[in-house]
file my_file09.cif (mmCIF, C-alpha atoms)
data_work
loop_
_atom_site.label_atom_id
_atom_site.label_comp_id
_atom_site.auth_asym_id
_atom_site.auth_seq_id
_atom_site.Cartn_x
_atom_site.Cartn_y
_atom_site.Cartn_z
CA MET A 199 76.35 -149.27 -27.12
CA ASN A 200 79.64 -150.76 -28.13
CA CYS A 201 82.70 -148.86 -29.26
CA ASP A 202 81.99 -149.44 -32.98
CA GLU A 203 78.65 -147.72 -32.60
CA LEU A 204 80.24 -144.74 -30.87
CA ARG A 205 83.17 -144.10 -33.21
CA ASP A 206 81.21 -141.77 -35.49
CA HIS A 207 80.42 -139.57 -32.54
CA TYR A 208 83.91 -139.01 -31.14
CA ASP A 209 84.46 -135.85 -33.17
CA LEU A 210 81.07 -134.46 -32.27
CA TYR A 211 81.72 -135.24 -28.62
CA ALA A 212 85.11 -133.54 -28.81
CA LEU A 213 83.46 -130.52 -30.39
CA ASP A 214 80.74 -130.64 -27.74
CA ILE A 215 78.03 -130.75 -30.36
CA ALA A 216 76.99 -134.38 -29.99
CA GLU A 217 73.29 -134.99 -29.44
CA GLY A 218 71.15 -137.97 -28.52
CA PRO A 219 72.15 -140.92 -26.32
CA GLU A 220 75.70 -141.22 -27.69
CA PRO A 221 77.32 -138.55 -25.49
CA GLY A 222 76.20 -140.37 -22.37
CA GLU A 223 77.48 -143.66 -23.75
CA ILE A 224 80.85 -142.17 -24.67
CA ARG A 225 81.10 -140.62 -21.22
CA ALA A 226 80.43 -143.99 -19.64
CA HIS A 227 83.09 -145.66 -21.79
CA LEU A 228 85.63 -142.99 -20.90
CA GLN A 229 84.82 -143.16 -17.22
CA ARG A 230 85.47 -146.88 -17.14
CA GLY A 231 88.73 -146.38 -19.01
CA CYS A 232 87.68 -147.97 -22.31
CA GLU A 233 90.93 -148.06 -24.30
CA VAL A 234 89.22 -148.01 -27.71
CA CYS A 235 87.17 -144.93 -26.88
CA MET A 236 90.12 -143.25 -25.15
CA ALA A 237 92.22 -143.67 -28.29
CA GLY A 238 89.40 -142.51 -30.55
CA MET A 239 88.66 -139.50 -28.41
CA LYS A 240 92.33 -138.58 -28.23
CA ARG A 241 92.49 -138.55 -32.00
CA SER A 242 89.36 -136.43 -32.21
CA LEU A 243 90.67 -133.98 -29.65
CA GLU A 244 93.84 -133.57 -31.68
CA THR A 245 91.77 -132.56 -34.66
CA VAL A 246 89.53 -130.28 -32.65
CA THR A 247 92.50 -128.61 -31.03
CA LEU A 248 94.03 -127.90 -34.40
CA ILE A 249 90.84 -126.34 -35.71
CA GLY A 250 91.67 -123.52 -33.35
CA ALA A 251 94.49 -122.69 -35.74
CA GLY A 252 91.89 -120.81 -37.70
CA ALA A 253 91.75 -118.16 -35.01
CA PRO A 254 93.25 -114.92 -36.29
CA TRP A 255 96.36 -113.58 -34.65
CA ALA A 256 95.65 -111.44 -31.59
CA GLU A 257 97.94 -109.98 -28.96
CA PRO A 258 96.74 -109.71 -25.36
CA SER A 259 97.61 -106.66 -23.29
CA SER A 260 100.82 -106.71 -21.30
CA GLN A 261 98.68 -106.51 -18.17
CA LEU A 262 97.29 -110.00 -18.68
CA ARG A 263 100.57 -111.74 -17.90
CA ARG A 264 100.96 -109.68 -14.74
CA ARG A 265 97.41 -110.41 -13.70
CA ILE A 266 97.84 -114.15 -14.10
CA LEU A 267 101.15 -114.27 -12.30
CA ALA A 268 99.88 -111.99 -9.55
CA SER A 269 96.98 -114.34 -8.99
CA VAL A 270 99.44 -117.03 -7.87
CA GLY A 271 101.63 -114.57 -5.99
CA LEU A 272 104.52 -114.36 -8.42
CA GLU A 273 104.23 -110.71 -9.43
CA GLN A 274 102.46 -107.62 -8.27
CA PRO A 275 99.43 -106.56 -10.29
CA ALA A 276 99.94 -104.10 -13.13
CA GLY A 277 102.18 -101.15 -12.34
CA LEU A 278 100.74 -97.71 -11.77
CA PRO A 279 101.18 -94.80 -14.16
CA TRP A 280 103.67 -92.18 -12.94
CA TRP A 281 101.02 -89.75 -11.80
CA ALA A 282 99.20 -92.42 -9.84
CA ALA A 283 102.47 -93.49 -8.28
CA ALA A 284 103.23 -89.87 -7.35
CA LEU A 285 99.76 -89.54 -5.91
CA ALA A 286 100.26 -92.71 -3.94
CA VAL A 287 103.58 -91.44 -2.57
CA ALA A 288 101.94 -88.14 -1.58
CA ALA A 289 99.12 -90.02 0.08
CA LEU A 290 101.63 -92.15 1.94
CA GLY A 291 103.36 -88.97 3.10
CA VAL A 292 100.11 -87.60 4.45
CA VAL A 293 99.43 -90.86 6.17
CA ALA A 294 102.95 -90.86 7.65
CA LEU A 295 102.49 -87.31 8.97
CA TYR A 296 99.14 -88.23 10.37
CA LEU A 297 100.61 -91.26 12.06
CA ALA A 298 103.54 -89.22 13.38
CA ALA A 299 101.13 -86.65 14.80
CA GLY A 300 99.07 -89.43 16.20
CA SER A 301 102.17 -91.01 17.67
CA LYS A 302 103.12 -87.71 19.36
CA GLN A 303 99.59 -87.38 20.66
CA TYR A 304 99.76 -90.91 21.99
CA GLU A 305 103.06 -90.11 23.74
CA GLN A 306 101.54 -87.03 25.33
CA THR A 307 98.52 -88.98 26.43
CA ALA A 308 100.75 -91.70 27.84
CA ALA A 309 102.82 -89.12 29.75
CA ARG A 310 99.68 -87.52 31.15
CA LEU A 311 98.35 -90.88 32.21
CA ARG A 312 101.66 -91.77 33.82
CA THR A 313 101.54 -88.51 35.80
CA GLU A 314 97.97 -89.19 36.83
CA VAL A 315 98.90 -92.68 37.92
CA ARG A 316 101.81 -91.35 39.96
CA GLU A 317 99.56 -88.76 41.58
CA GLN A 318 96.87 -91.29 42.30
CA THR A 319 99.44 -93.69 43.68
CA ALA A 320 100.70 -90.94 45.98
CA GLN A 321 97.14 -90.15 46.98
CA ILE A 322 96.46 -93.78 47.73
CA ALA A 323 99.66 -93.95 49.77
CA GLY A 324 98.60 -90.81 51.63
CA LEU A 325 95.14 -92.20 52.25
CA THR A 326 96.65 -95.43 53.49
CA GLU A 327 98.83 -93.51 55.89
CA ALA A 328 95.89 -91.36 56.92
CA PHE A 329 93.76 -94.43 57.54
CA ALA A 330 96.54 -95.99 59.58
CA ILE A 331 96.79 -92.86 61.73
CA LEU A 332 93.03 -92.54 62.12
CA SER A 333 92.63 -96.20 63.07
CA GLY A 334 95.63 -96.34 65.34
CA PRO A 335 94.77 -97.13 69.00
CA ASN A 336 97.13 -94.45 70.34
CA THR A 337 96.06 -91.62 68.05
CA THR A 338 95.36 -88.22 69.58
CA GLU A 339 93.18 -85.66 67.86
CA ALA A 340 92.60 -81.95 68.18
CA SER A 341 90.19 -79.58 66.46
CA PHE A 342 90.84 -76.08 65.21
CA GLY A 343 88.99 -72.99 63.86
CA GLY A 344 85.69 -73.60 65.53
CA ALA A 345 85.47 -70.17 67.17
CA GLN A 346 86.07 -67.98 64.14
CA PRO A 347 83.39 -66.78 61.64
CA ARG A 348 84.94 -68.43 58.58
CA PRO A 349 88.29 -69.73 59.63
CA PRO A 350 90.08 -72.75 58.37
CA GLN A 351 88.46 -75.58 60.22
CA GLY A 352 89.42 -79.16 60.79
CA LYS A 353 91.26 -81.64 62.91
CA VAL A 354 94.72 -82.98 63.51
CA PHE A 355 95.47 -86.58 64.45
CA LEU A 356 98.76 -87.60 66.02
CA ASN A 357 99.91 -91.20 66.28
CA PRO A 358 103.18 -91.85 68.05
CA ALA A 359 104.25 -94.47 65.56
CA ARG A 360 102.63 -93.27 62.34
CA GLY A 361 102.85 -89.49 62.37
CA VAL A 362 100.51 -86.52 62.07
CA LEU A 363 97.37 -86.16 59.91
CA LEU A 364 95.86 -82.75 59.16
CA ILE A 365 92.38 -82.41 57.64
CA ALA A 366 91.25 -78.87 56.92
CA SER A 367 88.59 -76.91 55.11
CA ASN A 368 87.88 -73.23 54.46
CA LEU A 369 91.49 -72.73 53.60
CA PRO A 370 92.07 -69.53 51.64
CA ARG A 371 93.93 -69.74 48.35
CA THR A 372 97.60 -69.11 48.91
CA PRO A 373 99.17 -66.13 47.07
CA ALA A 374 101.34 -66.84 44.06
CA HIS A 375 104.57 -68.70 44.86
CA LYS A 376 103.34 -69.40 48.37
CA ILE A 377 102.51 -72.69 50.05
CA TYR A 378 101.15 -73.99 53.29
CA GLU A 379 103.68 -75.40 55.75
CA MET A 380 102.72 -77.50 58.76
CA TRP A 381 104.60 -77.27 62.06
CA ILE A 382 104.77 -79.54 65.05
CA ILE A 383 105.29 -77.33 68.05
CA PRO A 384 106.89 -79.09 71.00
CA LYS A 385 106.32 -77.84 74.49
CA GLY A 386 108.95 -75.21 75.28
CA ALA A 387 110.77 -75.65 71.98
CA LYS A 388 110.92 -74.21 68.47
CA PRO A 389 108.42 -75.39 65.83
CA VAL A 390 109.57 -78.36 63.80
CA PRO A 391 108.79 -78.33 60.03
CA ALA A 392 106.21 -81.01 59.19
CA GLY A 393 105.79 -80.79 55.43
CA LEU A 394 104.36 -78.59 52.69
CA PHE A 395 100.94 -78.81 51.04
CA GLN A 396 98.46 -76.92 48.92
CA SER A 397 94.71 -76.68 49.27
CA GLN A 398 92.22 -77.65 46.62
CA GLU A 399 88.95 -75.76 46.61
CA GLY A 400 89.59 -74.73 50.21
CA ARG A 401 90.24 -78.24 51.43
CA ALA A 402 93.39 -80.11 52.28
CA MET A 403 94.62 -83.34 53.76
CA HIS A 404 98.25 -83.58 54.76
CA VAL A 405 100.17 -86.43 56.33
CA GLN A 406 103.56 -86.14 57.99
CA SER A 407 104.72 -89.69 58.35
CA GLY A 408 107.09 -90.85 61.01
CA ALA A 409 107.25 -91.19 64.73
CA VAL A 410 106.12 -88.26 66.77
CA ASP A 411 106.37 -87.60 70.51
CA VAL A 412 102.76 -86.81 71.14
CA ALA A 413 103.23 -86.31 74.85
CA SER A 414 105.70 -83.48 74.37
CA THR A 415 103.76 -81.80 71.54
CA ALA A 416 101.91 -78.63 72.45
CA ALA A 417 100.26 -77.84 69.16
CA VAL A 418 100.19 -78.32 65.42
CA ALA A 419 100.22 -75.12 63.35
CA VAL A 420 100.12 -74.10 59.71
CA THR A 421 101.66 -71.00 58.17
CA VAL A 422 101.92 -69.66 54.64
CA GLU A 423 105.50 -69.73 53.44
CA ASN A 424 107.50 -69.41 50.25
CA GLU A 425 107.26 -72.39 47.88
CA ALA A 426 110.58 -73.79 49.09
CA GLY A 427 109.36 -73.84 52.62
CA ALA A 428 111.02 -72.36 55.70
CA GLY A 429 113.10 -73.58 58.59
CA GLN A 430 111.01 -71.60 60.99
CA PRO A 431 107.60 -69.93 60.60
CA THR A 432 107.85 -66.51 58.99
CA THR A 433 104.16 -65.59 59.08
CA GLN A 434 101.35 -65.73 61.54
CA PRO A 435 99.74 -69.17 61.67
CA VAL A 436 96.44 -69.68 59.79
CA ILE A 437 95.83 -72.84 61.81
CA VAL A 438 96.71 -73.60 65.39
CA ALA A 439 95.52 -76.85 66.88
CA ALA A 440 96.44 -77.05 70.50
CA LEU A 441 96.67 -80.54 71.81
CA PRO A 442 94.88 -81.42 74.97
CA VAL A 443 97.07 -84.28 75.72
CA ALA A 444 94.54 -87.01 75.91
CA PRO A 445 94.91 -90.41 74.31
CA ARG A 446 91.87 -91.57 72.39
CA MET B 243 97.23 -119.13 -37.02
CA LEU B 244 100.76 -118.72 -35.69
CA PRO B 245 99.91 -118.68 -31.97
CA ILE B 246 98.19 -122.02 -32.13
CA ILE B 247 101.02 -123.58 -34.09
CA LEU B 248 103.52 -122.27 -31.59
CA ALA B 249 101.42 -123.73 -28.85
CA ILE B 250 101.28 -127.15 -30.42
CA TYR B 251 104.92 -127.21 -31.39
CA ALA B 252 106.31 -126.59 -27.95
CA GLY B 253 109.86 -127.50 -27.03
CA PRO B 254 111.07 -130.73 -25.42
CA GLU B 255 111.17 -129.13 -21.97
CA GLU B 256 107.40 -129.47 -21.83
CA GLN B 257 107.37 -132.42 -19.44
CA ALA B 258 109.80 -130.71 -17.09
CA LEU B 259 107.55 -127.70 -17.18
CA ILE B 260 104.57 -129.83 -16.14
CA ALA B 261 106.60 -131.31 -13.29
CA ARG B 262 107.56 -127.84 -12.08
CA LEU B 263 103.95 -126.73 -12.23
CA GLN B 264 102.99 -129.75 -10.20
CA HIS B 265 105.57 -128.67 -7.62
CA ARG B 266 103.81 -125.28 -7.47
CA ASP B 267 106.66 -123.33 -9.06
CA PRO B 268 105.11 -119.95 -9.97
CA GLN B 269 107.93 -119.25 -12.42
CA ALA B 270 106.78 -122.29 -14.36
CA LEU B 271 103.40 -120.63 -14.75
CA ALA B 272 105.15 -117.61 -16.23
CA GLU B 273 106.85 -119.87 -18.75
CA LEU B 274 103.59 -121.62 -19.50
CA TYR B 275 102.00 -118.27 -20.21
CA ASP B 276 104.88 -117.25 -22.45
CA SER B 277 104.34 -120.45 -24.44
CA TYR B 278 100.57 -120.54 -24.65
CA GLY B 279 99.21 -117.21 -23.48
CA ARG B 280 98.88 -115.63 -26.93
CA ALA B 281 97.49 -118.79 -28.45
CA ALA B 282 94.85 -119.08 -25.77
CA TYR B 283 94.01 -115.41 -26.08
CA ALA B 284 93.67 -115.53 -29.87
CA LEU B 285 91.40 -118.54 -29.59
CA VAL B 286 89.22 -117.11 -26.85
CA LEU B 287 88.99 -113.72 -28.54
CA ARG B 288 87.83 -115.41 -31.73
CA VAL B 289 85.00 -116.96 -29.72
CA VAL B 290 83.87 -114.10 -27.48
CA ARG B 291 84.95 -111.15 -29.69
CA ASP B 292 85.62 -108.92 -26.71
CA ARG B 293 89.16 -108.18 -25.59
CA ALA B 294 88.41 -107.55 -21.91
CA ILE B 295 86.27 -110.65 -21.59
CA ALA B 296 88.84 -112.67 -23.49
CA GLU B 297 91.55 -111.64 -21.04
CA ASP B 298 89.35 -112.55 -18.09
CA LEU B 299 88.69 -115.96 -19.58
CA VAL B 300 92.35 -116.56 -20.35
CA GLN B 301 93.23 -115.68 -16.78
CA GLU B 302 90.58 -118.11 -15.62
CA THR B 303 92.04 -120.73 -17.94
CA PHE B 304 95.55 -120.43 -16.54
CA LEU B 305 94.28 -120.54 -12.98
CA ARG B 306 92.29 -123.65 -13.83
CA VAL B 307 95.42 -125.25 -15.23
CA TRP B 308 97.40 -124.16 -12.16
CA ASN B 309 94.80 -125.64 -9.83
CA ARG B 310 94.36 -128.88 -11.77
CA ILE B 311 97.86 -129.51 -12.95
CA HIS B 312 98.08 -132.62 -10.79
CA LEU B 313 95.55 -134.27 -13.13
CA ILE B 314 97.91 -134.35 -16.08
CA ASP B 315 100.61 -136.96 -16.56
CA SER B 316 103.96 -135.21 -16.19
CA GLY B 317 105.62 -137.95 -18.21
CA LYS B 318 103.25 -138.13 -21.18
CA GLY B 319 100.72 -135.34 -20.83
CA ALA B 320 100.25 -132.71 -23.52
CA ILE B 321 99.72 -129.53 -21.62
CA GLY B 322 99.34 -127.30 -24.70
CA PRO B 323 96.31 -129.02 -26.22
CA TRP B 324 94.87 -129.47 -22.76
CA LEU B 325 95.22 -125.79 -21.96
CA LEU B 326 93.73 -124.75 -25.30
CA ALA B 327 90.81 -127.12 -24.77
CA ILE B 328 90.19 -125.53 -21.40
CA ALA B 329 90.44 -122.06 -22.93
CA ARG B 330 88.00 -122.91 -25.68
CA ASN B 331 85.59 -124.48 -23.23
CA ARG B 332 85.70 -121.43 -20.97
CA ALA B 333 84.93 -119.25 -23.97
CA ILE B 334 82.09 -121.43 -25.24
CA ASP B 335 80.70 -121.61 -21.72
CA TYR B 336 80.71 -117.83 -21.56
CA LEU B 337 79.10 -117.54 -24.97
CA ARG B 338 76.33 -119.91 -24.05
CA SER B 339 75.59 -118.33 -20.68
CA SER B 340 75.64 -114.78 -22.04
CA ALA B 341 73.31 -115.76 -24.86
CA GLY B 342 71.04 -117.62 -22.47
CA ARG B 343 71.58 -120.76 -24.46
CA GLU B 344 70.97 -124.02 -22.74
CA ARG B 345 74.07 -125.91 -21.94
CA ASN B 346 74.81 -128.69 -24.32
CA ARG B 347 74.38 -132.30 -23.43
CA ILE B 348 78.01 -132.80 -22.59
CA GLU B 349 79.64 -131.20 -19.62
CA LEU B 350 82.44 -129.27 -21.23
CA SER B 351 84.76 -130.13 -18.38
CA GLU B 352 84.66 -133.76 -19.53
CA ILE B 353 86.50 -132.76 -22.67
CA GLU B 354 89.16 -131.32 -20.38
CA HIS B 355 89.68 -134.82 -18.97
CA ALA B 356 93.45 -134.75 -18.59
CA PRO B 357 94.18 -138.44 -19.41
CA LEU B 358 92.82 -137.81 -22.92
CA TYR B 359 95.82 -135.59 -23.55
CA ARG B 360 98.43 -138.24 -22.83
CA GLU B 361 101.06 -138.54 -25.59
CA MET B 362 99.11 -136.20 -27.81
CA GLU B 363 101.97 -133.79 -28.18
CA ALA B 364 104.33 -136.34 -29.65
CA GLU B 365 101.88 -137.40 -32.32
CA ILE B 366 101.15 -133.83 -33.31
CA LEU B 367 104.84 -133.14 -33.56
CA ILE B 368 105.39 -135.98 -35.99
CA SER B 369 103.83 -134.13 -38.85
CA ASP B 370 103.10 -130.56 -39.71
CA GLN B 371 99.49 -131.12 -38.82
CA ALA B 372 98.63 -127.65 -37.67
CA ARG B 373 99.66 -126.05 -40.92
CA ARG B 374 97.86 -128.71 -42.87
CA VAL B 375 94.70 -128.25 -40.85
CA LYS B 376 94.80 -124.56 -41.55
CA ALA B 377 95.31 -125.20 -45.22
CA ALA B 378 92.51 -127.72 -45.15
CA MET B 379 90.21 -125.26 -43.45
CA ASP B 380 91.01 -122.70 -46.12
CA ARG B 381 90.26 -125.20 -48.83
CA LEU B 382 86.97 -126.35 -47.37
CA ALA B 383 83.85 -125.39 -49.27
CA PRO B 384 82.22 -122.36 -47.61
CA ASN B 385 79.32 -124.36 -46.20
CA TYR B 386 81.69 -126.91 -44.66
CA ARG B 387 83.95 -124.21 -43.24
CA THR B 388 80.88 -122.45 -41.85
CA VAL B 389 79.66 -125.47 -39.93
CA MET B 390 83.15 -126.09 -38.57
CA GLU B 391 83.43 -122.51 -37.38
CA LEU B 392 79.94 -122.54 -35.91
CA ALA B 393 80.72 -125.76 -34.08
CA TYR B 394 84.20 -124.88 -32.88
CA PHE B 395 84.09 -121.12 -32.31
CA GLU B 396 80.44 -120.72 -31.36
CA GLY B 397 79.69 -124.10 -29.84
CA LEU B 398 76.47 -124.56 -31.79
CA SER B 399 74.98 -128.01 -31.83
CA GLN B 400 73.97 -129.53 -35.16
CA THR B 401 70.34 -128.76 -34.36
CA GLU B 402 71.22 -125.14 -33.60
CA MET B 403 73.23 -124.89 -36.81
CA SER B 404 70.27 -126.33 -38.69
CA ILE B 405 68.04 -123.55 -37.38
CA LYS B 406 70.64 -120.84 -37.87
CA LEU B 407 71.48 -121.83 -41.42
CA GLY B 408 67.95 -122.85 -42.38
CA GLN B 409 69.14 -126.26 -43.52
CA PRO B 410 67.71 -129.69 -42.66
CA LEU B 411 69.42 -131.40 -39.76
CA GLY B 412 70.46 -134.26 -42.01
CA THR B 413 72.21 -131.83 -44.34
CA ILE B 414 74.06 -130.24 -41.43
CA LYS B 415 75.18 -133.64 -40.19
CA THR B 416 76.47 -134.46 -43.66
CA TRP B 417 78.35 -131.17 -43.88
CA VAL B 418 79.92 -131.65 -40.47
CA ARG B 419 80.94 -135.19 -41.23
CA THR B 420 82.36 -134.22 -44.62
CA ALA B 421 84.24 -131.27 -43.20
CA LEU B 422 85.79 -133.37 -40.47
CA GLN B 423 86.71 -136.05 -42.98
CA SER B 424 88.45 -133.47 -45.14
CA LEU B 425 90.39 -132.25 -42.18
CA ARG B 426 91.37 -135.76 -41.24
CA ASP B 427 92.49 -136.40 -44.78
CA GLU B 428 94.81 -133.44 -44.45
CA LEU B 429 96.08 -134.85 -41.20
CA GLY B 430 96.59 -138.28 -42.65
CA VAL B 431 94.46 -139.81 -39.93
CA ALA B 432 91.85 -142.33 -40.87
CA VAL B 433 88.32 -141.23 -40.19
CA PRO B 434 86.61 -143.65 -37.88
CA SER B 435 84.14 -145.67 -39.83
#

call {"tool": "encode", "arguments": {"input": "my_file09.cif", "output": "structure tokens"}}
result
Amino acid sequence: MNCDELRDHYDLYALDIAEGPEPGEIRAHLQRGCEVCMAGMKRSLETVTLIGAGAPWAEPSSQLRRRILASVGLEQPAGLPWWAAALAVAALGVVALYLAAGSKQYEQTAARLRTEVREQTAQIAGLTEAFAILSGPNTTEASFGGAQPRPPQGKVFLNPARGVLLIASNLPRTPAHKIYEMWIIPKGAKPVPAGLFQSQEGRAMHVQSGAVDVASTAAVAVTVENEAGAGQPTTQPVIVAALPVAPR
Amino acid sequence: MLPIILAIYAGPEEQALIARLQHRDPQALAELYDSYGRAAYALVLRVVRDRAIAEDLVQETFLRVWNRIHLIDSGKGAIGPWLLAIARNRAIDYLRSSAGRERNRIELSEIEHAPLYREMEAEILISDQARRVKAAMDRLAPNYRTVMELAYFEGLSQTEMSIKLGQPLGTIKTWVRTALQSLRDELGVAVPS
């Protein structure tokens, strides 16, 4: 169809009420930029647009503007009523308290974990030392408690370069504010303090690191002392491991 | 009537506004809404007759403009008529889908073709066309005004109007043509013949 044949249908097309083959023809003319049809359609659209003037006056809600602007990020969505805002503030307070409590709990957990790590690190260091003493070529060992009905039992290992390792079981629980103290007893001399330790479920492993003169050591003993330890034994020994001087 | 007239008779800053919209200035969208928001709402509400739905459709209209603003000529485009065409089309679309009516033969979006709105604003501003169209609508014989309202505000095709009004299709076509001619007479624009 040519433009003359389509002119009567511009208004109907603009109103979107055109029927028959003409709408497709007009569309094709517009798509190829037909100047006659573009001008005719523009005129029809002017008229159609103005027909909307018959719409009665109506005022949208104030929320609509906010909604539209919020949708492109210019404004926040509609404001809350005062009670909802108060409720929101209260809810935020609860959340803040919860988070604060949670934060404190996290701090406590972190502190506990740090302590555990320190303890485990110390244990690993002790085990490393113990392994070094046990595997040392010059280590001397001695047993104790074998002759008693239920005495503390175990062994001591002495390495001239590494130190002394005590492994014991059947250890009684120490009284309150008391602790076990190990002694290295030289031949013909006073006992030398060799560290403090506690038992766990009757068992204990204690390492006294550092060089030790195994040849001049007569025995390794353990006494129960005050928590601060003692310079010299103040109680009868619960463990005495006499060293038969004999390199392994 | 006032909102539409205000929309059509926008100020001379219109082209600058289009340019700002094309540069994604959100404040320009706020100004666009202040200029055309009520007009679009009044038009859409007249079509769908539901305030909540009308607001949803107006929001959709402004977002469509925001997302397609690059299609309009910032130097000669008429954003007001374009926006109102989009608003009307959204409303008619809604009306048709909610009524289960088959979509018309024309894709409504084609009427939103932005190049059609080039230099439209200037021509509308030359004369007091909007007021005259309103006056012309008021003066139309009831049957002519009815077919115009059914076509524009309800999107009924001539066949659908024929069924609705119980009139022969030829009669409806005559009424539509006569009504449009009367409106064009008021506008001082020659009816294509």

call {"tool": "resolve_selection", "arguments": {"input": "my_file09.cif", "expression": "the PyMOL selection byres ((chain B and resi 398) around 12)", "output": "PyMOL selection string"}}
result
(chain A and resi 210+213-217) or (chain B and resi 289+334-335+337-338+341+343-347+388-397+399-407+414+418)

call {"tool": "residues_around", "arguments": {"input": "my_file09.cif", "residues": "range 276-285 of chain B", "least_positions_apart": "6", "cutoff": "7 Å", "atoms": "only C-alpha atoms", "output": "list in words"}}
result
Gly250, Ala253, Pro254, Trp255, Ala256, Glu257 and Pro258 of chain A; Pro245, Ile246, Ala249, Ala296, Glu297, Val300, Gly322, Leu326, Ala329 and Arg330 of chain B

call {"tool": "resolve_selection", "arguments": {"input": "my_file09.cif", "expression": "the PyMOL selection byres ((chain B and resi 263) around 12)", "output": "ChimeraX atom specification"}}
result
/A:270 /B:256-262,264-275,304-305,307-316,321

call {"tool": "interface_residues", "arguments": {"input": "my_file09.cif", "of": "chain A", "to": "chain B", "cutoff": "9 Å", "atoms": "only C-alpha atoms", "output": "ChimeraX atom specification"}}
result
/A:202,205-206,208-218,221-222,225,236-241,243-259,262-263,265-267,269-272

call {"tool": "atom_distance", "arguments": {"input": "my_file09.cif", "atom1": "CA of Ala328 in chain A", "atom2": "CA of Thr421 in chain A"}}
result
21.2 Å

call {"tool": "atom_distance", "arguments": {"input": "my_file09.cif", "atom1": "CA of Thr313 in chain A", "atom2": "CA of Met403 in chain A"}}
result
19.9 Å

call {"tool": "residues_around", "arguments": {"input": "my_file09.cif", "residues": "Asn200 in chain A", "least_positions_apart": "2", "cutoff": "12 Å", "atoms": "all atoms listed in the file", "output": "count of residues only"}}
result
13

call {"tool": "axis_aligned_box", "arguments": {"input": "my_file09.cif", "around": "range 395-407 of chain A", "padding_each_side": "4 Å", "output": "lines of an AutoDock Vina configuration file"}}
result
center_x = 96.8
center_y = -82.2
center_z = 52.5
size_x = 23.8
size_y = 23.0
size_z = 19.7

call {"tool": "atom_distance", "arguments": {"input": "my_file09.cif", "atom1": "CA of Gly429 in chain A", "atom2": "CA of Gly408 in chain A"}}
result
18.4 Å

call {"tool": "residues_around", "arguments": {"input": "my_file09.cif", "residues": "Ile365 in chain A", "least_positions_apart": "3", "cutoff": "9 Å", "atoms": "only C-alpha atoms", "output": "number ranges by chain"}}
result
A: 351-355, 401-405

call {"tool": "write_last_selection", "arguments": {"input": "my_file09.cif", "atoms": "C-alpha atoms", "output": "compact mmCIF listing (two decimals), in the coordinates of the input"}}
result
# COMPACT_ATOMS: atom_id res chain seq x y z
CA GLN A 351 88.46 -75.58 60.22
CA GLY A 352 89.42 -79.16 60.79
CA LYS A 353 91.26 -81.64 62.91
CA VAL A 354 94.72 -82.98 63.51
CA PHE A 355 95.47 -86.58 64.45
CA ARG A 401 90.24 -78.24 51.43
CA ALA A 402 93.39 -80.11 52.28
CA MET A 403 94.62 -83.34 53.76
CA HIS A 404 98.25 -83.58 54.76
CA VAL A 405 100.17 -86.43 56.33

call {"tool": "residues_near_point", "arguments": {"input": "my_file09.cif", "point": "(96.7, -87.2, 69.5)", "cutoff": "6 Å", "atoms": "all atoms listed in the file", "output": "JSON, numbers by chain"}}
result
{"A": [337, 338, 339, 355, 356]}

call {"tool": "closest_residue", "arguments": {"input": "my_file09.cif", "among": "A:Gly393, A:Pro349, A:Gly300, A:Gly324", "to": "Ile377 in chain A", "atoms": "all atoms listed in the file"}}
result
A:Gly393

call {"tool": "residues_around", "arguments": {"input": "my_file09.cif", "residues": "Ala428 in chain A", "least_positions_apart": "6", "cutoff": "12 Å", "atoms": "all atoms listed in the file", "output": "list in words"}}
result
Lys376, Ile377, Tyr378, Glu379, Met380, Trp381, Pro389, Val390, Pro391, Ala392, Gly393, Leu394, Val420, Thr421 and Val422 of chain A
